[in-house]
Amino acid sequence: MKSFPLAAVFGTAAVCLLASPLVLAEDTTPTSLDDIVVTADRKAQTVDATLAPVSIITRADIEQYQASSLPDVLRRLPGITLSNSGGVGKTTSVFIRGTHSSHVLVLVDGIKVGSATTGSVAFEDLPLDQVERIEVVRGPRSSLYGSEAIGGVIQIFTRKGGKGFQPEVSVGIGSHNTQQAHANLAGGDGTTWYNLNAGKDETDGINVTANNREPDLDGYKRDSVTLRAGHRFADGTTLEASALHATGENHFDGSFNNESHFTQQVLNTKLQHLLNDKVLLTAQLGQARDDSDNYLNGVPLTAYRTYNTQRNTGTLQADMAVGAKGTATLGLDQQQDKVISDSTYDRTSRDNTGVFANYQTDIGATRLDVSARHDKNEQFGSNNTGNIAVGRDLNNGMRVTAAYGTAFKAPTFNNLYYPFSGDPNLQPETSQSVELGVSGKLAGDKVQWSANAFSNEIDHLISYPPPDYAVSQTDKARIRGLELSATTQVAGWDINANATVQQPENRSGTNTGKTLIYRPKQFANVDVDREIGKFRVGGSVHAESQRYTDDANTESKKLAGYGTLDLRADYRVSKDWTVGAKVGNVLNKDYQTSNGYNQDGVNGLVTVKYAPK
């Protein structure tokens, strides 16, 4: 097993950065950053500058929607659907553009998260009250980030303090004995900032299984804390650190186990230095933990109980101005995954090294974006990925774009080594994607719209087909689709709407032409909000077509399409106090997004927030 050379790499980097002369200080003071995106090209730029389709959710959006979970926010975005196993806190899979849930790369403050055993991310366990901003990039991004980024990238930013002291406290109570309590302390000055957030969420839940196999309520509890702090030094160096820790327990129905205790933890340290007015250097170290202990009726399992994974990551990156209109990025990523479990894995650790480069330039009204990456994994060798995108601004305010990209997904430890089912000879899943887009603004930017058509072909898909459910890597898939989105204001109402039409097809074996499981072919969202004096009112409609739950698309195993309506309102009692109320699934729609698992009927939540101005 080769060593993980982060100490030597970052020791050298720190000496180089701190010895650099000051030319220009980076302004890290929080301002209005709604039009700035970091995730698309691994550096800060305006949304208009990036050629990738990007969605941004701000803290203001989260509070306006009165969203209480990360999945609740993500399902509002174009190209994204979910599969949930029984309500709040239950396992939730996120699909971007019809790809598998494991084809989504997820970052928290720049640190890659997720389970190294299952390949999934516990979206349901990440506390939304501690989130400042979410950026979602749709389409392949392996050429910058490596494995997983076949369908897209989701980056979650924890809350960051600003100038002055900014305390905030909120409590909530709702259906199913739901109780919430959150406190946030933020502050700083022109050079230093800090944010400390603590939260407690608890609910009795619903009976998760539709067949009433265990006719009981399946609750969920979570305690969480986040700390983020940073300082900008006079020599142009910025140092920032953050830590997110969430722990709790989840109850569900099952004969082997029906309770799990979890821990999600993300640690991050980032050092940036402006070498001069054209070069920004970044060094970042991080660790992500995904821990799970399983129980049956409150008793710890004697076997197959513990599945803990740890991911250590490090990055060196240089962003440079090239000529009058060009920028270039060069970088090195190191990653080490570890598994600690009472199940016997043939290997419990592996390293990956990735080097990447990106170049962007403007040639008149044409913008070019090219990136390439080489990953070397000690388990299955090397992978090369690339991406090229071209955008053209037209005289009428419209932009047309075209892009081609390749991506890959590394097999998980379960795929490779899980007892009695793993295959250590598996190779990465690979994809090739083509995209065409057009976007524009009307009526003095009051109307913004976009349309993106995409086609993604994925090879070497890993699956466990019946009847023996032995791991296989012969499947292929082709996903074609069209995303439409628009935002505007009509008679004082803010309207945000999107719709996606997709054809996610199996392209191999006896199921060629069949729809991939749990992927609806059509889905849409409409959010409408308005301020009326001290009131703010709004509503959301979410609709999806039918989805299949088996590869053969058996009619008897099909889940029906559905639509839900949510309503919300809040009232500013004073400049410091706000009371909010929301009613979810107002029409009490009975539906499922995962076969055999209930979704909540009509439900409500009332919150009171104190935030002195």
# chains A, B, ... in the order shown; residues from 1 in each chain; ligands from 1
$ closest_atom_pairs --of "stretch 267-296 of chain A" --to "stretch 113-129 of chain A" --cutoff "10 Å" --atoms "only C-alpha atoms" --output "JSON lines"
{"residue": "A:Gly286", "atom": "CA", "partner": "A:Val113", "partner_atom": "CA", "distance": 9.9}
{"residue": "A:Gln287", "atom": "CA", "partner": "A:Val113", "partner_atom": "CA", "distance": 8.4}
{"residue": "A:Ala288", "atom": "CA", "partner": "A:Val113", "partner_atom": "CA", "distance": 5.6}
{"residue": "A:Arg289", "atom": "CA", "partner": "A:Val113", "partner_atom": "CA", "distance": 7.5}
{"residue": "A:Asp290", "atom": "CA", "partner": "A:Ser115", "partner_atom": "CA", "distance": 5.6}
{"residue": "A:Asp291", "atom": "CA", "partner": "A:Ser115", "partner_atom": "CA", "distance": 8.3}
{"residue": "A:Ser292", "atom": "CA", "partner": "A:Ser115", "partner_atom": "CA", "distance": 9.8}
$ write_last_selection --atoms "C-alpha atoms" --output "PDB file, in the first residue's frame"
ATOM      1  CA  GLY A 286     -10.107  17.728   4.053  1.00  0.00           C
ATOM      2  CA  GLN A 287     -11.622  14.641   5.581  1.00  0.00           C
ATOM      3  CA  ALA A 288     -15.143  13.231   5.230  1.00  0.00           C
ATOM      4  CA  ARG A 289     -16.616  10.469   7.401  1.00  0.00           C
ATOM      5  CA  ASP A 290     -19.718   8.372   6.766  1.00  0.00           C
ATOM      6  CA  ASP A 291     -20.400   6.050   9.738  1.00  0.00           C
ATOM      7  CA  SER A 292     -23.289   3.662  10.264  1.00  0.00           C
TER       8      SER A 292
END
$ select_by_dssp --residues "stretch 296-522 of chain A" --states "strand (DSSP E or B)" --output "PyMOL selection string"
chain A and resi 296+299-300+306-322+326-341+349-363+366-377+381-393+399-409+429-442+447-463+472-490+493-506+515+522
$ residues_around --residues "A:Gln379" --least-positions-apart "2" --cutoff "9 Å" --atoms "only C-alpha atoms" --output "compact mmCIF listing (two decimals) with N, CA and C atoms, in the first residue's frame"
# COMPACT_ATOMS: atom_id res chain seq x y z
N ARG A 350 -7.59 2.46 -0.45
CA ARG A 350 -7.05 2.69 -1.79
C ARG A 350 -6.80 4.17 -1.99
N ASP A 351 -5.81 4.47 -2.84
CA ASP A 351 -5.42 5.85 -3.14
C ASP A 351 -5.72 6.20 -4.58
N ASN A 352 -5.95 7.47 -4.81
CA ASN A 352 -6.16 7.98 -6.16
C ASN A 352 -5.46 9.33 -6.30
N LYS A 376 -5.10 8.34 -11.65
CA LYS A 376 -4.40 7.07 -11.47
C LYS A 376 -4.83 6.48 -10.14
N ASN A 377 -5.50 5.32 -10.23
CA ASN A 377 -6.02 4.65 -9.05
C ASN A 377 -5.25 3.36 -8.82
N GLY A 381 -5.98 1.20 -12.16
CA GLY A 381 -5.18 1.86 -13.18
C GLY A 381 -5.60 3.28 -13.47
N PRO A 424 -13.44 -8.19 -7.68
CA PRO A 424 -12.29 -7.28 -7.70
C PRO A 424 -11.78 -6.95 -9.09
$ atom_distance --atom1 "atom CA of A:Lys163" --atom2 "atom CA of A:Gln45"
23.3 Å
$ residues_around --residues "A:Ala40" --least-positions-apart "3" --cutoff "12 Å" --atoms "only C-alpha atoms" --output "PyMOL selection string"
chain A and resi 36-37+43-56+135-145+149+152-155+358+369+371+387
$ residues_around --residues "A:Asp319" --least-positions-apart "3" --cutoff "12 Å" --atoms "only C-alpha atoms" --output "PDB file with N, CA, C and O atoms, in the first residue's frame"
ATOM      1  N   ASP A  41     -16.335  25.398 -12.777  1.00  0.00           N
ATOM      2  CA  ASP A  41     -14.970  25.306 -13.301  1.00  0.00           C
ATOM      3  C   ASP A  41     -13.917  25.358 -12.191  1.00  0.00           C
ATOM      4  O   ASP A  41     -12.764  25.694 -12.442  1.00  0.00           O
ATOM      5  N   ARG A  42     -14.322  25.063 -10.961  1.00  0.00           N
ATOM      6  CA  ARG A  42     -13.428  25.009  -9.801  1.00  0.00           C
ATOM      7  C   ARG A  42     -12.782  26.359  -9.503  1.00  0.00           C
ATOM      8  O   ARG A  42     -11.707  26.431  -8.921  1.00  0.00           O
ATOM      9  N   LYS A  43     -13.416  27.432  -9.898  1.00  0.00           N
ATOM     10  CA  LYS A  43     -12.941  28.774  -9.560  1.00  0.00           C
ATOM     11  C   LYS A  43     -14.118  29.737  -9.650  1.00  0.00           C
ATOM     12  O   LYS A  43     -15.103  29.482 -10.350  1.00  0.00           O
ATOM     13  N   ALA A  44     -14.006  30.857  -8.943  1.00  0.00           N
ATOM     14  CA  ALA A  44     -15.097  31.826  -8.901  1.00  0.00           C
ATOM     15  C   ALA A  44     -15.218  32.571 -10.224  1.00  0.00           C
ATOM     16  O   ALA A  44     -14.235  33.063 -10.775  1.00  0.00           O
ATOM     17  N   GLN A  45     -16.443  32.626 -10.739  1.00  0.00           N
ATOM     18  CA  GLN A  45     -16.736  33.397 -11.935  1.00  0.00           C
ATOM     19  C   GLN A  45     -18.235  33.662 -11.960  1.00  0.00           C
ATOM     20  O   GLN A  45     -18.998  33.045 -11.224  1.00  0.00           O
ATOM     21  N   GLN A 272      -5.298  30.171   0.772  1.00  0.00           N
ATOM     22  CA  GLN A 272      -5.213  30.821  -0.535  1.00  0.00           C
ATOM     23  C   GLN A 272      -4.235  31.991  -0.460  1.00  0.00           C
ATOM     24  O   GLN A 272      -4.137  32.667   0.564  1.00  0.00           O
ATOM     25  N   HIS A 273      -3.547  32.195  -1.581  1.00  0.00           N
ATOM     26  CA  HIS A 273      -2.602  33.315  -1.632  1.00  0.00           C
ATOM     27  C   HIS A 273      -2.595  33.919  -3.032  1.00  0.00           C
ATOM     28  O   HIS A 273      -2.469  33.197  -4.030  1.00  0.00           O
ATOM     29  N   LEU A 274      -2.743  35.243  -3.087  1.00  0.00           N
ATOM     30  CA  LEU A 274      -2.629  35.963  -4.354  1.00  0.00           C
ATOM     31  C   LEU A 274      -1.154  36.248  -4.597  1.00  0.00           C
ATOM     32  O   LEU A 274      -0.563  37.132  -3.969  1.00  0.00           O
ATOM     33  N   LEU A 275      -0.570  35.471  -5.507  1.00  0.00           N
ATOM     34  CA  LEU A 275       0.850  35.624  -5.801  1.00  0.00           C
ATOM     35  C   LEU A 275       1.118  36.978  -6.437  1.00  0.00           C
ATOM     36  O   LEU A 275       2.099  37.652  -6.139  1.00  0.00           O
ATOM     37  N   ASN A 276       0.239  37.380  -7.339  1.00  0.00           N
ATOM     38  CA  ASN A 276       0.248  38.718  -7.925  1.00  0.00           C
ATOM     39  C   ASN A 276      -1.142  38.958  -8.466  1.00  0.00           C
ATOM     40  O   ASN A 276      -2.070  38.209  -8.150  1.00  0.00           O
ATOM     41  N   ASP A 277      -1.322  39.980  -9.281  1.00  0.00           N
ATOM     42  CA  ASP A 277      -2.672  40.284  -9.753  1.00  0.00           C
ATOM     43  C   ASP A 277      -3.160  39.317 -10.815  1.00  0.00           C
ATOM     44  O   ASP A 277      -4.276  39.459 -11.318  1.00  0.00           O
ATOM     45  N   LYS A 278      -2.377  38.283 -11.163  1.00  0.00           N
ATOM     46  CA  LYS A 278      -2.780  37.333 -12.194  1.00  0.00           C
ATOM     47  C   LYS A 278      -2.779  35.879 -11.735  1.00  0.00           C
ATOM     48  O   LYS A 278      -3.226  35.008 -12.475  1.00  0.00           O
ATOM     49  N   VAL A 279      -2.295  35.592 -10.539  1.00  0.00           N
ATOM     50  CA  VAL A 279      -2.164  34.199 -10.091  1.00  0.00           C
ATOM     51  C   VAL A 279      -2.719  34.049  -8.676  1.00  0.00           C
ATOM     52  O   VAL A 279      -2.308  34.765  -7.763  1.00  0.00           O
ATOM     53  N   LEU A 280      -3.656  33.121  -8.509  1.00  0.00           N
ATOM     54  CA  LEU A 280      -4.191  32.754  -7.207  1.00  0.00           C
ATOM     55  C   LEU A 280      -3.829  31.301  -6.933  1.00  0.00           C
ATOM     56  O   LEU A 280      -4.153  30.402  -7.725  1.00  0.00           O
ATOM     57  N   LEU A 281      -3.168  31.048  -5.811  1.00  0.00           N
ATOM     58  CA  LEU A 281      -2.778  29.704  -5.416  1.00  0.00           C
ATOM     59  C   LEU A 281      -3.659  29.229  -4.274  1.00  0.00           C
ATOM     60  O   LEU A 281      -3.974  29.990  -3.352  1.00  0.00           O
ATOM     61  N   THR A 282      -4.065  27.944  -4.328  1.00  0.00           N
ATOM     62  CA  THR A 282      -4.945  27.367  -3.321  1.00  0.00           C
ATOM     63  C   THR A 282      -4.400  26.021  -2.868  1.00  0.00           C
ATOM     64  O   THR A 282      -4.009  25.191  -3.706  1.00  0.00           O
ATOM     65  N   ALA A 283      -4.358  25.805  -1.576  1.00  0.00           N
ATOM     66  CA  ALA A 283      -4.036  24.507  -0.988  1.00  0.00           C
ATOM     67  C   ALA A 283      -5.157  24.146  -0.028  1.00  0.00           C
ATOM     68  O   ALA A 283      -5.568  24.965   0.796  1.00  0.00           O
ATOM     69  N   LEU A 316      -3.939  20.907  -4.543  1.00  0.00           N
ATOM     70  CA  LEU A 316      -3.132  22.076  -4.877  1.00  0.00           C
ATOM     71  C   LEU A 316      -3.653  22.620  -6.195  1.00  0.00           C
ATOM     72  O   LEU A 316      -3.846  21.855  -7.153  1.00  0.00           O
ATOM     73  N   VAL A 322      -4.382  34.524 -18.372  1.00  0.00           N
ATOM     74  CA  VAL A 322      -3.539  34.269 -19.543  1.00  0.00           C
ATOM     75  C   VAL A 322      -3.946  35.252 -20.638  1.00  0.00           C
ATOM     76  O   VAL A 322      -5.042  35.161 -21.195  1.00  0.00           O
ATOM     77  N   GLY A 326      -8.012  35.437 -21.292  1.00  0.00           N
ATOM     78  CA  GLY A 326      -7.952  34.017 -20.995  1.00  0.00           C
ATOM     79  C   GLY A 326      -7.655  33.733 -19.537  1.00  0.00           C
ATOM     80  O   GLY A 326      -7.053  34.539 -18.826  1.00  0.00           O
ATOM     81  N   THR A 327      -8.093  32.574 -19.060  1.00  0.00           N
ATOM     82  CA  THR A 327      -7.758  32.084 -17.725  1.00  0.00           C
ATOM     83  C   THR A 327      -7.393  30.616 -17.828  1.00  0.00           C
ATOM     84  O   THR A 327      -7.940  29.876 -18.659  1.00  0.00           O
ATOM     85  N   ALA A 328      -6.480  30.181 -16.974  1.00  0.00           N
ATOM     86  CA  ALA A 328      -6.066  28.782 -16.946  1.00  0.00           C
ATOM     87  C   ALA A 328      -6.033  28.303 -15.501  1.00  0.00           C
ATOM     88  O   ALA A 328      -5.727  29.070 -14.580  1.00  0.00           O
ATOM     89  N   THR A 329      -6.350  27.039 -15.310  1.00  0.00           N
ATOM     90  CA  THR A 329      -6.298  26.407 -14.000  1.00  0.00           C
ATOM     91  C   THR A 329      -5.506  25.118 -14.107  1.00  0.00           C
ATOM     92  O   THR A 329      -5.746  24.307 -15.012  1.00  0.00           O
ATOM     93  N   LEU A 330      -4.563  24.927 -13.196  1.00  0.00           N
ATOM     94  CA  LEU A 330      -3.804  23.692 -13.090  1.00  0.00           C
ATOM     95  C   LEU A 330      -3.958  23.169 -11.677  1.00  0.00           C
ATOM     96  O   LEU A 330      -3.944  23.940 -10.720  1.00  0.00           O
ATOM     97  N   GLY A 331      -4.108  21.841 -11.529  1.00  0.00           N
ATOM     98  CA  GLY A 331      -4.321  21.332 -10.187  1.00  0.00           C
ATOM     99  C   GLY A 331      -3.929  19.890  -9.999  1.00  0.00           C
ATOM    100  O   GLY A 331      -3.780  19.123 -10.963  1.00  0.00           O
ATOM    101  N   PHE A 356      -5.272  17.855 -13.250  1.00  0.00           N
ATOM    102  CA  PHE A 356      -6.260  18.427 -14.153  1.00  0.00           C
ATOM    103  C   PHE A 356      -5.822  19.798 -14.626  1.00  0.00           C
ATOM    104  O   PHE A 356      -4.997  20.471 -14.002  1.00  0.00           O
ATOM    105  N   ALA A 357      -6.399  20.199 -15.755  1.00  0.00           N
ATOM    106  CA  ALA A 357      -6.123  21.513 -16.337  1.00  0.00           C
ATOM    107  C   ALA A 357      -7.379  22.031 -17.010  1.00  0.00           C
ATOM    108  O   ALA A 357      -8.180  21.256 -17.549  1.00  0.00           O
ATOM    109  N   ASN A 358      -7.553  23.342 -16.968  1.00  0.00           N
ATOM    110  CA  ASN A 358      -8.702  23.977 -17.583  1.00  0.00           C
ATOM    111  C   ASN A 358      -8.246  25.291 -18.224  1.00  0.00           C
ATOM    112  O   ASN A 358      -7.422  26.017 -17.660  1.00  0.00           O
ATOM    113  N   TYR A 359      -8.792  25.581 -19.398  1.00  0.00           N
ATOM    114  CA  TYR A 359      -8.462  26.835 -20.087  1.00  0.00           C
ATOM    115  C   TYR A 359      -9.744  27.437 -20.628  1.00  0.00           C
ATOM    116  O   TYR A 359     -10.572  26.755 -21.258  1.00  0.00           O
ATOM    117  N   GLN A 360      -9.917  28.748 -20.396  1.00  0.00           N
ATOM    118  CA  GLN A 360     -11.075  29.475 -20.896  1.00  0.00           C
ATOM    119  C   GLN A 360     -10.598  30.759 -21.557  1.00  0.00           C
ATOM    120  O   GLN A 360      -9.666  31.413 -21.066  1.00  0.00           O
TER     121      GLN A 360
END
$ atom_distance --atom1 "atom CA of A:Leu482" --atom2 "atom CA of A:Ser455"
9.1 Å
$ closest_residue --among "A:Gly314, A:Asn258, A:Gln265, A:Gly205" --to "A:Asn294" --atoms "only C-alpha atoms"
A:Asn258
$ residues_around --residues "A:Val390" --least-positions-apart "2" --cutoff "6 Å" --atoms "only C-alpha atoms" --output "PyMOL selection string"
chain A and resi 367-368+401-402
$ closest_atom_pairs --of "stretch 113-163 of chain A" --to "stretch 226-243 of chain A" --cutoff "8 Å" --atoms "only C-alpha atoms" --output "tab-separated table"
residue	atom	partner	partner_atom	distance
A:Gln130	CA	A:Thr226	CA	6.7
A:Thr158	CA	A:Arg228	CA	7.5
A:Arg159	CA	A:Arg228	CA	7.3
A:Lys160	CA	A:Arg228	CA	6.5
A:Gly161	CA	A:Ala229	CA	7.8
$ write_last_selection --atoms "all heavy atoms" --output "PDB file, in the first residue's frame"
ATOM      1  N   GLN A 130     -27.759  24.603   8.366  1.00  0.00           N
ATOM      2  CA  GLN A 130     -26.369  25.013   8.411  1.00  0.00           C
ATOM      3  C   GLN A 130     -25.787  25.245   7.013  1.00  0.00           C
ATOM      4  O   GLN A 130     -24.581  25.332   6.835  1.00  0.00           O
ATOM      5  CB  GLN A 130     -25.566  23.957   9.181  1.00  0.00           C
ATOM      6  CG  GLN A 130     -26.038  23.868  10.620  1.00  0.00           C
ATOM      7  CD  GLN A 130     -25.464  22.693  11.392  1.00  0.00           C
ATOM      8  OE1 GLN A 130     -24.424  22.178  11.034  1.00  0.00           O
ATOM      9  NE2 GLN A 130     -26.137  22.286  12.453  1.00  0.00           N
ATOM     10  N   THR A 158     -21.345  25.655   3.716  1.00  0.00           N
ATOM     11  CA  THR A 158     -21.868  25.949   5.041  1.00  0.00           C
ATOM     12  C   THR A 158     -21.910  27.464   5.264  1.00  0.00           C
ATOM     13  O   THR A 158     -21.302  28.235   4.535  1.00  0.00           O
ATOM     14  CB  THR A 158     -21.010  25.282   6.124  1.00  0.00           C
ATOM     15  OG1 THR A 158     -19.650  25.706   5.992  1.00  0.00           O
ATOM     16  CG2 THR A 158     -21.075  23.769   5.995  1.00  0.00           C
ATOM     17  N   ARG A 159     -22.626  27.878   6.298  1.00  0.00           N
ATOM     18  CA  ARG A 159     -22.867  29.301   6.528  1.00  0.00           C
ATOM     19  C   ARG A 159     -21.586  30.020   6.929  1.00  0.00           C
ATOM     20  O   ARG A 159     -20.712  29.465   7.594  1.00  0.00           O
ATOM     21  CB  ARG A 159     -23.956  29.474   7.576  1.00  0.00           C
ATOM     22  CG  ARG A 159     -25.286  28.871   7.111  1.00  0.00           C
ATOM     23  CD  ARG A 159     -26.383  29.002   8.125  1.00  0.00           C
ATOM     24  NE  ARG A 159     -26.867  30.381   8.226  1.00  0.00           N
ATOM     25  CZ  ARG A 159     -27.977  30.719   8.877  1.00  0.00           C
ATOM     26  NH1 ARG A 159     -28.713  29.791   9.465  1.00  0.00           N
ATOM     27  NH2 ARG A 159     -28.351  31.973   8.942  1.00  0.00           N
ATOM     28  N   LYS A 160     -21.505  31.281   6.505  1.00  0.00           N
ATOM     29  CA  LYS A 160     -20.299  32.074   6.695  1.00  0.00           C
ATOM     30  C   LYS A 160     -20.675  33.420   7.311  1.00  0.00           C
ATOM     31  O   LYS A 160     -21.630  34.064   6.879  1.00  0.00           O
ATOM     32  CB  LYS A 160     -19.603  32.289   5.353  1.00  0.00           C
ATOM     33  CG  LYS A 160     -18.302  33.071   5.419  1.00  0.00           C
ATOM     34  CD  LYS A 160     -17.669  33.162   4.042  1.00  0.00           C
ATOM     35  CE  LYS A 160     -16.354  33.932   4.077  1.00  0.00           C
ATOM     36  NZ  LYS A 160     -15.726  34.002   2.744  1.00  0.00           N
ATOM     37  N   GLY A 161     -19.915  33.837   8.306  1.00  0.00           N
ATOM     38  CA  GLY A 161     -20.197  35.096   8.980  1.00  0.00           C
ATOM     39  C   GLY A 161     -19.803  36.309   8.156  1.00  0.00           C
ATOM     40  O   GLY A 161     -19.026  36.217   7.207  1.00  0.00           O
TER      41      GLY A 161
END
$ closest_atom_pairs --of "stretch 41-95 of chain A" --to "stretch 483-500 of chain A" --cutoff "9 Å" --atoms "only C-alpha atoms" --output "JSON lines"
{"residue": "A:Arg76", "atom": "CA", "partner": "A:Asn498", "partner_atom": "CA", "distance": 8.3}
{"residue": "A:Leu77", "atom": "CA", "partner": "A:Asn498", "partner_atom": "CA", "distance": 7.3}
{"residue": "A:Pro78", "atom": "CA", "partner": "A:Asn498", "partner_atom": "CA", "distance": 5.7}
{"residue": "A:Gly79", "atom": "CA", "partner": "A:Thr500", "partner_atom": "CA", "distance": 5.9}
{"residue": "A:Ile80", "atom": "CA", "partner": "A:Thr500", "partner_atom": "CA", "distance": 8.6}
$ closest_residue --among "A:Thr385, A:Asn452, A:Asn506, A:Asn588" --to "A:Val438" --atoms "only C-alpha atoms"
A:Asn452
$ residues_around --residues "A:Gly405" --least-positions-apart "4" --cutoff "7 Å" --atoms "only C-alpha atoms" --output "list in words"
Pro140, Gly386, Asn387, Ile388, Gln432, Ser433 and Val434 of chain A
$ atom_distance --atom1 "atom CA of A:Asp527" --atom2 "atom CA of A:Ala60"
14.2 Å
$ closest_residue --among "A:Glu132, A:Asp253, A:Asp346, A:Glu168" --to "A:Asn598" --atoms "only C-alpha atoms"
A:Asp253
$ closest_residue --among "A:Gly364, A:Gly199, A:Gly187, A:Gly219" --to "A:Gly87" --atoms "only C-alpha atoms"
A:Gly219
